[in-house]
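Everything below concerns the one structure shown next.
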Amino acid sequence: MDRITIIVPCYNEEESLDRFYPEVQRYVEKIPDCEFSYLFVNDGSHDRTLEKLRELAANHKDIFYLSLSRNFGKESAMMAGIDYADGDAVIIMDADLQHPAALIPEMVDFWRAGYDDICGKRINRAGETFFKRNMTNLFYAIMKKFSTSYEMQRDVGDFRLLDKRCIEALKLLRENQRFTKGLFTWIGYKKKEIPFEVQPRVAGKTSWNYLGLFNLAIKGMTSFTTAPLHLMTFIGLTVSLGAIIYMIFVLMGALIYGDPVAGYPTIMTVMLFLGGMQLLALGIIGEYLSQIFHETKRRPIYLVDEFNGERVIYNLTRERAIVK
């Protein structure tokens, strides 16, 4: 019998958990020749999420939970779930049920047909602001233009089924500054996209804000392309060439025609423009340096505090030492 682990990252999801398990079970039970288990990852929640997970684990033998030592972010929480999952495949989905559980049987069918990575593809962005939709489109356009080795999947997120081969491949990628959407694409393997409509949250509110999404986009670009560095080199060359041409134009006008050279406004305009370009270039270089800074420390991606009621002192897999 195939064994599949459903990984559910949780951050302040106490209101959603009671509804999540019964809803998913409705569709899981339609696949009788497959053994499902649940692995909830509490990512340093500040509400009663951990208490709810303890109750669920005590009442259902197919439910397990991890509690991280603090909030490490969703990317790290997903990696913790992948490390601790012990099935032949995993399904990653959100606790708020915006990922429709009705697609699970179809995902399993494609997996058994030979696909390694069956991912949900969003066909709507209902509820998103005009600004967020356009910034998302701009991000994908930039990544498509400058990612030369592969093309990142568009409108495809974390909702997916991953075969054991993909799981073991992801375990090899221990980078601290994680952009999992890019890593899913980078590992390759046989993929299948299933379109779905994002459902309304069953409870609570999203913890994502514009600053968090902007930081994630920057992390994605600096993790998977060096195009911004090349772009600044091109801009620098262009500005330098333009400055030389303008200098020749001004000199010729002054020497041949006796035109007076514009003073304060011209100098200020040029200084502000060049100063802005230099700061932009330094900022881009700084983003790459910050990535190097974090990666060279070689800190663990996450730390686990508790696994099903037991304190954890070794964090990589279920082959762990525990304190009773």
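Convention: chains lettered A, B, ... in structure tokens order; per-chain residue numbering from 1; ligands numbered from 1 as shown.
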(request) With a distance cut-off of 7 Å and only C-alpha atoms, select the neighbouring residues of region 292-308 of chain A, excluding the residue or stretch itself and same-chain residues fewer than 2 positions from it, and output the selection as a list in words. (result) Phe64, Tyr65, Leu66, Ser67, Leu68, Ser69, Phe72, Ser76, Ala80, Glu175, Asn176, Tyr288, Leu289, Ser290, Glu310, Arg311, Val312 and Asn315 of chain A
(request) Name all residues at most 12 Å from Arg112 (chain A) (count only C-alpha atoms; drop same-chain ones fewer than 4 positions away) and give them as a ChimeraX atom specification. (result) /A:2,33-34,88-89,105-108,116-118,161-163
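Between Thr5 (chain A) and the residues A:Tyr189, A:Phe36, A:Tyr27, A:Tyr21, the shortest atom-to-atom distance, using only C-alpha atoms, involves A:Phe36.
Interatomic distance, CA of Pro32 (chain A) against CA of Ile104 (chain A): 12.8 Å.
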(message) Between CA of Arg3 (chain A) and CA of His60 (chain A), what is the distance in Å, rounded to a tenth?
(response) 16.7 Å
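The space between CA of Arg19 (chain A) and CA of Lys52 (chain A) spans 11.6 Å.
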(request) Please provide the set of residues having any atom within 12 Å of region 234-238 of chain A, restricted to only C-alpha atoms, with same-chain residues fewer than 2 positions apart removed, written as a PyMOL selection string. (result) chain A and resi 227-232+240-245+273-278+280-281
(request) Return as a PyMOL selection string the full set of residues in region 45-79 of chain A whose backbone-based DSSP assignment is strand (DSSP E or B). (result) chain A and resi 63-68
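Using only C-alpha atoms, the protein and nucleic acid residues lying no more than 10 Å from Asp18 (chain A), apart from those fewer than 6 places from it along its own chain, are Lys52, Leu53, Leu56 and Ala95 of chain A.
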